[in-house]
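The data block below is final.json; it holds JSON, C-alpha atoms.
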```json
[["chain", "number", "residue", "atom", "x", "y", "z"],
["A", 2, "MET", "CA", 0.00, 0.00, 0.00],
["A", 3, "ASN", "CA", 2.92, 2.30, 0.70],
["A", 4, "ASP", "CA", 3.74, 2.19, -3.00],
["A", 5, "PHE", "CA", 0.43, 3.91, -3.76],
["A", 6, "VAL", "CA", -0.02, 6.40, -0.91],
["A", 7, "ASP", "CA", 2.13, 8.22, 1.63],
["A", 8, "LYS", "CA", 2.31, 5.93, 4.66],
["A", 9, "HIS", "CA", 2.15, 8.91, 7.01],
["A", 10, "SER", "CA", -1.20, 10.02, 5.61],
["A", 11, "ILE", "CA", -2.95, 6.68, 6.30],
["A", 12, "GLN", "CA", -4.94, 6.64, 9.53],
["A", 13, "ASP", "CA", -4.66, 3.60, 11.81],
["A", 14, "GLY", "CA", -8.43, 3.11, 11.83],
["A", 15, "TYR", "CA", -8.41, 2.96, 8.04],
["A", 16, "ILE", "CA", -5.78, 0.22, 8.07],
["A", 17, "SER", "CA", -7.77, -1.74, 10.65],
["A", 18, "ALA", "CA", -10.91, -1.42, 8.52],
["A", 19, "ILE", "CA", -9.01, -2.62, 5.44],
["A", 20, "ASP", "CA", -7.68, -5.58, 7.39],
["A", 21, "GLU", "CA", -11.18, -6.51, 8.52],
["A", 22, "LYS", "CA", -12.94, -6.03, 5.18],
["A", 23, "SER", "CA", -10.22, -7.69, 3.10],
["A", 24, "SER", "CA", -10.24, -10.86, 5.24],
["A", 25, "GLY", "CA", -6.51, -11.06, 4.53],
["A", 26, "ASN", "CA", -7.02, -11.25, 0.76],
["A", 27, "PRO", "CA", -4.08, -9.45, -0.91],
["A", 28, "LEU", "CA", -6.11, -8.94, -4.08],
["A", 29, "TYR", "CA", -8.60, -6.80, -2.12],
["A", 30, "VAL", "CA", -5.73, -4.57, -1.02],
["A", 31, "GLU", "CA", -4.31, -4.38, -4.55],
["A", 32, "LEU", "CA", -7.70, -3.46, -6.01],
["A", 33, "LEU", "CA", -8.22, -0.92, -3.24],
["A", 34, "CYS", "CA", -4.86, 0.67, -4.03],
["A", 35, "ARG", "CA", -5.78, 0.95, -7.69],
["A", 36, "SER", "CA", -9.09, 2.54, -6.77],
["A", 37, "LEU", "CA", -7.30, 5.05, -4.54],
["A", 38, "GLN", "CA", -4.73, 5.75, -7.23],
["A", 39, "ASN", "CA", -7.47, 6.29, -9.82],
["A", 40, "GLU", "CA", -9.26, 8.55, -7.33],
["A", 41, "GLU", "CA", -12.34, 6.30, -7.38],
["A", 42, "LEU", "CA", -12.16, 6.12, -3.56],
["A", 43, "THR", "CA", -10.95, 8.61, -0.96],
["A", 44, "LEU", "CA", -8.08, 7.73, 1.35],
["A", 45, "ASN", "CA", -9.11, 7.29, 5.00],
["A", 46, "ASP", "CA", -12.84, 7.32, 4.18],
["A", 47, "ILE", "CA", -13.87, 4.03, 5.80],
["A", 48, "SER", "CA", -17.46, 4.43, 4.58],
["A", 49, "GLN", "CA", -16.23, 4.01, 0.97],
["A", 50, "LEU", "CA", -14.46, 0.71, 1.62],
["A", 51, "PRO", "CA", -16.27, -2.15, -0.11],
["A", 52, "ASP", "CA", -17.59, -4.73, 2.34],
["A", 53, "GLU", "CA", -16.58, -7.57, 0.03],
["A", 54, "ILE", "CA", -14.11, -8.12, -2.77],
["A", 55, "SER", "CA", -17.04, -8.91, -5.07],
["A", 56, "THR", "CA", -17.77, -5.17, -5.14],
["A", 57, "PHE", "CA", -14.37, -4.67, -6.79],
["A", 58, "TYR", "CA", -15.13, -7.54, -9.18],
["A", 59, "GLU", "CA", -18.40, -5.88, -10.19],
["A", 60, "GLY", "CA", -16.42, -2.71, -10.93],
["A", 61, "ILE", "CA", -13.87, -4.65, -12.96],
["A", 62, "MET", "CA", -16.58, -6.26, -15.07],
["A", 63, "LYS", "CA", -18.28, -2.90, -15.61],
["A", 64, "HIS", "CA", -14.97, -1.35, -16.62],
["A", 65, "LEU", "CA", -14.18, -4.19, -19.05],
["A", 66, "THR", "CA", -17.55, -3.90, -20.75],
["A", 67, "GLU", "CA", -17.15, -0.12, -21.04],
["A", 68, "LEU", "CA", -13.77, -0.59, -22.72],
["A", 69, "ASN", "CA", -14.94, -3.34, -25.04],
["A", 70, "THR", "CA", -18.51, -3.49, -26.31],
["A", 71, "GLY", "CA", -18.27, -7.11, -27.47],
["A", 72, "LYS", "CA", -18.61, -10.30, -25.45],
["A", 73, "GLU", "CA", -14.88, -11.04, -25.68],
["A", 74, "PRO", "CA", -13.91, -9.94, -22.14],
["A", 75, "LEU", "CA", -16.64, -12.00, -20.48],
["A", 76, "ASP", "CA", -16.03, -15.01, -22.71],
["A", 77, "PHE", "CA", -12.28, -14.72, -22.13],
["A", 78, "LEU", "CA", -12.65, -14.58, -18.36],
["A", 79, "CYS", "CA", -15.19, -17.42, -18.32],
["A", 80, "VAL", "CA", -12.97, -19.70, -20.39],
["A", 81, "LEU", "CA", -10.12, -19.01, -17.97],
["A", 82, "ALA", "CA", -12.49, -19.70, -15.08],
["A", 83, "VAL", "CA", -13.37, -23.17, -16.39],
["A", 84, "ALA", "CA", -9.83, -24.04, -17.46],
["A", 85, "ARG", "CA", -7.81, -26.28, -15.16],
["A", 86, "ASP", "CA", -4.48, -24.78, -16.20],
["A", 87, "PHE", "CA", -2.88, -21.83, -17.97],
["A", 88, "LEU", "CA", -4.04, -21.18, -21.54],
["A", 89, "THR", "CA", -2.06, -19.56, -24.35],
["A", 90, "GLU", "CA", -3.40, -16.70, -26.46],
["A", 91, "ALA", "CA", -3.66, -19.07, -29.44],
["A", 92, "THR", "CA", -5.63, -21.61, -27.42],
["A", 93, "VAL", "CA", -8.07, -18.97, -26.18],
["A", 94, "SER", "CA", -8.37, -17.61, -29.71],
["A", 95, "SER", "CA", -9.30, -21.02, -31.13],
["A", 96, "LEU", "CA", -11.64, -21.80, -28.23],
["A", 97, "LEU", "CA", -13.56, -18.55, -28.60],
["A", 98, "GLY", "CA", -13.37, -18.30, -32.37],
["A", 99, "VAL", "CA", -11.88, -14.81, -32.24],
["A", 100, "SER", "CA", -8.66, -13.37, -33.60],
["A", 101, "LEU", "CA", -5.39, -13.26, -31.69],
["A", 102, "ILE", "CA", -5.58, -9.47, -31.79],
["A", 103, "GLU", "CA", -8.94, -9.57, -29.99],
["A", 104, "VAL", "CA", -7.52, -11.92, -27.34],
["A", 105, "GLN", "CA", -4.45, -9.72, -26.87],
["A", 106, "SER", "CA", -6.70, -6.67, -26.50],
["A", 107, "VAL", "CA", -8.71, -8.36, -23.76],
["A", 108, "ILE", "CA", -5.52, -9.54, -22.05],
["A", 109, "LYS", "CA", -4.26, -5.96, -22.04],
["A", 110, "ILE", "CA", -7.38, -4.56, -20.37],
["A", 111, "SER", "CA", -7.66, -7.56, -17.99],
["A", 112, "SER", "CA", -4.01, -7.74, -16.97],
["A", 113, "GLY", "CA", -4.67, -6.76, -13.35],
["A", 114, "ILE", "CA", -6.74, -9.87, -12.71],
["A", 115, "LEU", "CA", -4.59, -12.33, -14.65],
["A", 116, "TYR", "CA", -1.58, -14.39, -13.75],
["A", 117, "GLU", "CA", 0.90, -14.60, -16.62],
["A", 118, "ASN", "CA", 3.37, -17.45, -16.99],
["A", 119, "GLN", "CA", 5.65, -18.79, -19.71],
["A", 120, "ASN", "CA", 5.24, -22.42, -20.75],
["A", 121, "SER", "CA", 8.15, -24.71, -21.61],
["A", 122, "ASP", "CA", 8.15, -23.34, -25.18],
["A", 123, "GLY", "CA", 8.52, -19.76, -23.89],
["A", 124, "VAL", "CA", 4.95, -18.84, -24.87],
["A", 125, "PHE", "CA", 2.97, -16.68, -22.46],
["A", 126, "CYS", "CA", -0.04, -18.36, -20.86],
["A", 127, "TYR", "CA", -2.77, -16.96, -18.62],
["A", 128, "GLN", "CA", -5.10, -17.88, -15.81],
["A", 129, "LEU", "CA", -7.19, -15.94, -13.32],
["A", 130, "PHE", "CA", -5.18, -14.28, -10.55],
["A", 131, "HIS", "CA", -7.34, -15.35, -7.63],
["A", 132, "GLU", "CA", -9.75, -18.16, -6.84],
["A", 133, "SER", "CA", -12.26, -15.71, -5.37],
["A", 134, "PHE", "CA", -12.62, -14.08, -8.80],
["A", 135, "ARG", "CA", -13.29, -17.51, -10.33],
["A", 136, "ASP", "CA", -15.98, -18.07, -7.68],
["A", 137, "PHE", "CA", -17.48, -14.66, -8.48],
["A", 138, "LEU", "CA", -17.67, -15.52, -12.19],
["A", 139, "TYR", "CA", -19.28, -18.90, -11.45],
["A", 140, "LYS", "CA", -21.98, -17.25, -9.33],
["A", 141, "LYS", "CA", -22.60, -14.11, -11.37],
["A", 142, "TYR", "CA", -22.30, -15.54, -14.89],
["A", 143, "GLU", "CA", -23.55, -19.09, -14.46],
["A", 144, "MET", "CA", -24.97, -19.45, -17.98],
["A", 145, "GLU", "CA", -21.80, -18.14, -19.62],
["A", 146, "ILE", "CA", -19.72, -20.51, -17.48],
["A", 147, "ILE", "CA", -21.86, -23.48, -18.55],
["A", 148, "ARG", "CA", -21.52, -22.39, -22.19],
["A", 149, "MET", "CA", -17.72, -22.20, -21.85],
["A", 150, "GLU", "CA", -17.55, -25.60, -20.12],
["A", 151, "ASP", "CA", -19.55, -27.09, -23.00],
["A", 152, "ARG", "CA", -17.38, -25.28, -25.56],
["A", 153, "LEU", "CA", -14.17, -26.49, -23.95],
["A", 154, "LEU", "CA", -15.43, -30.08, -23.78],
["A", 155, "ASP", "CA", -16.55, -29.92, -27.41],
["A", 156, "VAL", "CA", -13.16, -28.67, -28.57],
["A", 157, "MET", "CA", -11.31, -31.32, -26.53],
["A", 158, "ARG", "CA", -13.66, -34.04, -27.80],
["A", 159, "ASN", "CA", -12.78, -33.02, -31.37],
["A", 160, "TRP", "CA", -9.08, -32.36, -30.84],
["A", 161, "GLN", "CA", -8.10, -34.11, -34.08],
["A", 162, "ASP", "CA", -10.19, -31.64, -36.09],
["A", 163, "MET", "CA", -8.42, -28.81, -34.33],
["A", 164, "ARG", "CA", -5.01, -30.30, -35.10],
["A", 165, "GLU", "CA", -5.85, -30.39, -38.78],
["A", 166, "LYS", "CA", -7.28, -26.85, -38.78],
["A", 167, "ASN", "CA", -4.73, -24.87, -36.82],
["A", 168, "GLY", "CA", -2.21, -27.19, -35.20],
["A", 169, "ASP", "CA", -2.66, -25.75, -31.68],
["A", 170, "LEU", "CA", -0.27, -28.04, -29.82],
["A", 171, "ASP", "CA", -1.00, -26.34, -26.51],
["A", 172, "MET", "CA", -4.70, -27.14, -26.83],
["A", 173, "MET", "CA", -3.89, -30.74, -27.72],
["A", 174, "ARG", "CA", -1.66, -30.98, -24.62],
["A", 175, "TYR", "CA", -4.41, -29.44, -22.54],
["A", 176, "ALA", "CA", -6.98, -31.88, -23.91],
["A", 177, "ALA", "CA", -4.71, -34.85, -23.22],
["A", 178, "SER", "CA", -4.12, -33.68, -19.65],
["A", 179, "TYR", "CA", -7.56, -32.46, -18.61],
["A", 180, "TYR", "CA", -10.29, -33.98, -20.79],
["A", 181, "VAL", "CA", -11.21, -36.67, -18.25],
["A", 182, "ARG", "CA", -11.29, -34.14, -15.38],
["A", 183, "HIS", "CA", -13.67, -31.92, -17.34],
["A", 184, "LEU", "CA", -15.90, -34.89, -18.14],
["A", 185, "LYS", "CA", -16.04, -35.91, -14.48],
["A", 186, "ALA", "CA", -16.90, -32.35, -13.43],
["A", 187, "LYS", "CA", -19.79, -32.25, -15.90]]
```
Target encoding structure tokens, full file:
Amino acid sequence: MNDFVDKHSIQDGYISAIDEKSSGNPLYVELLCRSLQNEELTLNDISQLPDEISTFYEGIMKHLTELNTGKEPLDFLCVLAVARDFLTEATVSSLLGVSLIEVQSVIKISSGILYENQNSDGVFCYQLFHESFRDFLYKKYEMEIIRMEDRLLDVMRNWQDMREKNGDLDMMRYAASYYVRHLKAK
């Protein structure tokens, strides 16, 4: 938090309130810091502190839809929510049937809630930053989650077609590793 605000200007009661409302979730604190930095909230105003992290998630989803009028951000986040592992840009692109440029655009505006990693081939892969955000998506966007689960299962079921169409080796690896787990969860 000290990276975002002067530590001498933070009141002790404000820190105690943050501790209580965040329930120890570091993502709550990070999202709070961003909101303070963007002047969406006022420092030391305890009444403005969200009671739950889901309030921040609602704001994130609103912001994403304002930045992008299509369904790509929601579809992107839902496919990451149902995935059991990191997904590459190419894999997400083929799963959603959108261009790589569209996926990269959504990654750029969603970067604060994503965890980025490089796979063994040096390709960047993504998953949701925190399990509580996955839970939020499952509760708030149940129908979209079900649609993405079905889409992911359909693509894995037809992995040979995908190999012939675009040669997405990462998706084939994913299917080999997680197809049975997805079937059991269904």
### Task
Could you check how far atom CA of Asp52 of chain A sits from atom CA of Asp20 of chain A, in Å to one decimal?
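Between atom CA of Asp52 of chain A and atom CA of Asp20 of chain A the gap is 11.2 Å.
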Restricting to all atoms listed in the file, whichever of A:Ile19, A:Glu73, A:Phe87, A:Tyr127 is closest to Glu103 of chain A is A:Glu73
query: Counting all atoms listed in the file, which residues come within 12 Å of (-12.3, -21.4, -14.0), with the point read in the file's coordinates, and could you list them as a VMD selection string?
result: chain A and resid 76 to 88 115 127 to 140 142 to 143 145 to 147 149 to 150 153 183 186
Show which residues sit within 10 Å of Gly113 of chain A, as a tab-separated table (two decimals) with C-alpha atoms, in the frame of the given file. Count all atoms listed in the file, and ignore same-chain residues fewer than 5 positions away.
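around.tsv was written with the following content:
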```tsv
chain	number	residue	atom	x	y	z
A	28	LEU	CA	-6.11	-8.94	-4.08
A	31	GLU	CA	-4.31	-4.38	-4.55
A	32	LEU	CA	-7.70	-3.46	-6.01
A	35	ARG	CA	-5.78	0.95	-7.69
A	61	ILE	CA	-13.87	-4.65	-12.96
A	108	ILE	CA	-5.52	-9.54	-22.05
A	129	LEU	CA	-7.19	-15.94	-13.32
A	130	PHE	CA	-5.18	-14.28	-10.55
```
Correct to one decimal, the distance atom CA of Met157 of chain A-atom CA of Tyr180 of chain A is 6.4 Å
